[in-house]
Amino acid sequence: MDEGRARRRGVSPRLWLAGGWLLLALLAAIFAPLVAPQDPLAQDLMLERLPPFWMNGAEPGYWLGTDSLGRDLLSRLIFGGRIAFIVAFSAAVAACLVGSTLGLIAGYFGGWADRIISRVVDVWMAFPPVLFAILLVAVLGTGLSSVILAIAIIDWTRFCRVIRAETMGQSRMDYVENARIAGYGRIGIMLREVLPNVVPSIVALLSLEMGIAVIVEAILSFVNLSISTDDPTWGGIIAEGRLSIHQAWWVLVFPLITLILTVLSFSQFGEALKTRFDPVLR
Amino acid sequence: MSACLDIRDLSAVLPNGQRVLRSVSLSVQPGEVRALVGESGAGKTMIGKAVLGVLPSSVRIVEGDMLLEGEDLGKLQPKARRTLIGARTALIPQDPLTALNPSRRIGSQMTDRLVRILGWSGEKADTRIRQLLDEVQIRDPDRVLKSYPHELSGGMRQRVLIAAAFAAEPRLIVADEPTTALDVTVQKQILRLIVQLQREHGTAILFVTHDLGVVAKISQRVSVLYAGKVVEEADTAALFAAPQHPYTRALMAATPRYTDPFASLKPVDEAVLAGLASEIAAADQAWRRPHG
Ligand SMILES: Nc1ncnc2c1ncn2[C@@H]1O[C@H](COP(=O)(O)OP(=O)(O)OP(=O)(O)O)[C@@H](O)[C@H]1O
Ligand SMILES: [Mg+2]
C-alpha cells in the first residue's frame, strides 16, 4: 500500500507534459528579449514568407519562417506569449477571487444571500460569452487592462457556480455540524473547515480559466479588439496568418498549435493538481 | 439535584405546519444513560439536534423548554447558548466518516477544539488527546494523529470521535446511532468503549438507537418514540419486564431473537399502528385547539 501511495504521490506523466510545456512557454515569455532569435517587430521585405527550417528556401535564424512582412514567426510567438500569460494570470486570478468568494458565501450561508447571488449568475450566464467580451471591450476601450477586466467580469460565474455547489455539499456534511456544536463561529467554519475542502476544485478551475483567458484574449486579438496592434499577440498572428494561408501556411499553423498546446496544458495541469491537492484522491 | 438535560413539552413543526416533535418531554439525569428508541423517521435525530442547537433551518421549535444543567436554552442569547452547548455537550455521530473533516489531519481536528474554543495550551491539549486515545484503546496514537480520516478504518474513526467527544469533559453526550454505520464485530467493541468511558467520566448520555437489544445492554432509562411522540417512558428493566404501550410490545416482538430468528421477524401489527394513528391524531387535535 505504501508503494502504491508513493507512486501516486509522484508526478504523473500528465503533470510532467502539461507542466513542462507551460514552464517552457512561460520562461520563454519572461526572457523573451534574451531568447527570441530576432526582433519581433523588425520588417524586412527581402525575407518575406520564409518557410520553416526543414523546407527549401529556409534561412538560418528564422526557425519557424517569417510572415508576409518578413518578421520572424518564432520571435513573434515568444513575445506574444508575454501578453497571453499576463492576461491568463491576471484575468484568471481576478475571476477566481470574485467568483470563489461569492460561491463560498452563497453555498455556505444559503438563504437570501444564495438567492441573490444565484440569480445574478443566471442572468450573467444568459449572455453569450464571446459577444459579451467584445461588447465589454468596446465599452471599456481596447488595451491590456480592459481585456483582463472583461475576461474577469465574464468568467467569475464559472467559479461561482462550481464553488457554490461544492460548498453546499460540504456544508451538509456532519463535520460542519460538529464544528457548530463545538461552538465555532459561522465565518470561522466557512474559512477553516469548508474552504480547505473546496481548494482542490478552485485550483483546477483556476488553471482551466487561465487556458480560457488565453483563448478569449486570442479571439479578441483576432477581431482586433485587444492590445495595441504593434505588440505581437497569438490571436493577432493567427488573424494575419489566415490572410496568407495559401502562400505561407506556417504563419497560421504554428500560432494555432502554440495556442492549443497551451490551453490543453492549462486544463490538464489543473486536473492533475486537483488530484494531488485532494487528500482523499491523493 | 437538577437534571442534566430536561426537555419539557417540546414541539417542532415543518414549514407546512406538520409537527415532527409532539410535546416531547424527556430528562437525562447526571451520569445516566438514557436511551431514546424508535423506528426510522420517529424524530430521534431531531431531538438530538434540537438539544445541540443544530436543527435544520426548515424545522421550527414552536413550544417547550430545554434546560441544560438547569439553564433554560430558550432564554439565552444565541451566542451565550452556543458557548454553553459547546462547553457542556458533545455529539457521537452516526457516520464517523462524514463527521471528520476530510482535508484535515486527525490531530489538528482534535486539538483545535480544545485550543481554540476552550483556550487550552497546545501542549495541554495534546496530552489530553493522547490520554483519551489511550482510553479508547488506540495503540499507535502517533500514526492516528498524523492520519487523514480516510486513512483510518470505520472503527478507528469512531474511536477517534468518541475520544474527541469525551476530551473536553462534557456533561452530556448525544450519541446518535453511533454503531449503525459499523460492521457487527466492531459494533460491540464500540458500544463497550462508550459505556466504559461514560462510567469513568460520569458523563450523561442521550443514546439514540432503533435497537432494543442495545437499549437493554447499556441504558438505565428509556423513552420510546413514535412519530415524534413519546409513547412510553420507563426504567429499562421495567420496560423489558412489562412493556405498557402496545407499540412497545409490538417493537419487542419485532426484534429478532437468537433462539428463533425467523419466527420473531414480523412487522408491527396493523391494529397497533391504527391505534397509534388515532392516538396521534387526537394528540394533534388537542394541541391545535389552544394553538389556533
Ligand atoms: N431537514 C429536514 N427538513 C424537514 N424534515 C426533516 C428533515 N430531516 C428529517 N425530517 C423529517 O423529520 C422526521 C424525523 O426525522 P429524524 O431524522 O429525526 O428521524 P430518526 O428517528 O432519526 O430516523 P433514523 O432512525 O432514520 O435516523 C422524519 O419524518 C423526517 O422525514
Ligand atoms: Mg436519525
# chains A, B, ... in the order shown; residues from 1 in each chain; ligands from 1
>>> residues_near_ligand(ligand="ligand 2", cutoff="12 Å", atoms="only C-alpha atoms and all ligand atoms", output="number ranges by chain")
B: 36-49, 93-95, 174-178, 180-181, 207-210, 225, 228
>>> interface_residues(of="chain B", to="chain A", cutoff="8 Å", atoms="only C-alpha atoms", output="PyMOL selection string")
chain B and resi 52-54+82-83+85-87+89-91+93+98-103+113+117+148+150
>>> select_by_dssp(residues="segment 41-268 of chain A", states="alpha helix (DSSP H)", output="ChimeraX atom specification")
/A:73-109,111-125,129-140,144-171,174-182,186-189,195-222,234-243,250-268
>>> residues_around(residues="Arg105 of chain B", least_positions_apart="2", cutoff="8 Å", atoms="only C-alpha atoms", output="list in words")
Pro102, Ser103, Gly107, Ser108, Gln109, Leu145, Lys146, Ser147, Tyr148 and Pro149 of chain B
>>> closest_residue(among="B:Ala164, B:Ile106, B:Leu97, B:Val230", to="ligand 1", atoms="only C-alpha atoms and all ligand atoms")
B:Val230
>>> residues_around(residues="Met210 of chain A", least_positions_apart="3", cutoff="12 Å", atoms="only C-alpha atoms", output="PyMOL selection string")
chain A and resi 22+84-96+148+151-152+155+203-207+213-217+259+262-270
>>> atom_distance(atom1="atom CA of Gly31 of chain B", atom2="atom CA of Gly74 of chain B")
23.6 Å
>>> closest_residue(among="B:Ile129, B:Val224, B:Ala281, B:Ala238", to="ligand 1", atoms="only C-alpha atoms and all ligand atoms")
B:Val224
>>> residues_around(residues="Ile78 of chain A", least_positions_apart="2", cutoff="8 Å", atoms="only C-alpha atoms", output="list in words")
Ala25, Ala28, Ala29, Ala32, Ala36, Leu74, Ser75, Arg76, Gly80, Gly81 and Arg82 of chain A
>>> write_last_selection(atoms="C-alpha atoms", output="JSON list (two decimals), in the first residue's frame")
[["chain", "number", "residue", "atom", "x", "y", "z"],
["A", 25, "ALA", "CA", 6.40, 28.79, -22.67],
["A", 28, "ALA", "CA", 10.44, 31.95, -22.98],
["A", 29, "ALA", "CA", 7.89, 34.72, -22.50],
["A", 32, "ALA", "CA", 11.75, 36.95, -24.49],
["A", 36, "ALA", "CA", 13.96, 35.41, -29.20],
["A", 74, "LEU", "CA", 9.19, 32.26, -33.64],
["A", 75, "SER", "CA", 10.15, 35.59, -32.12],
["A", 76, "ARG", "CA", 6.65, 36.89, -32.55],
["A", 80, "GLY", "CA", 3.08, 37.09, -27.98],
["A", 81, "GLY", "CA", 3.35, 34.67, -25.04],
["A", 82, "ARG", "CA", 4.04, 37.62, -22.74]]
>>> residues_around(residues="Val162 of chain A", least_positions_apart="3", cutoff="12 Å", atoms="only C-alpha atoms", output="MDAnalysis selection string")
chainID A and resid 96 99:104 106:107 118 121 155:159 165:169 198:206
>>> closest_residue(among="B:His201, B:His245, B:Arg60, B:Arg34", to="ligand 1", atoms="only C-alpha atoms and all ligand atoms")
B:Arg60
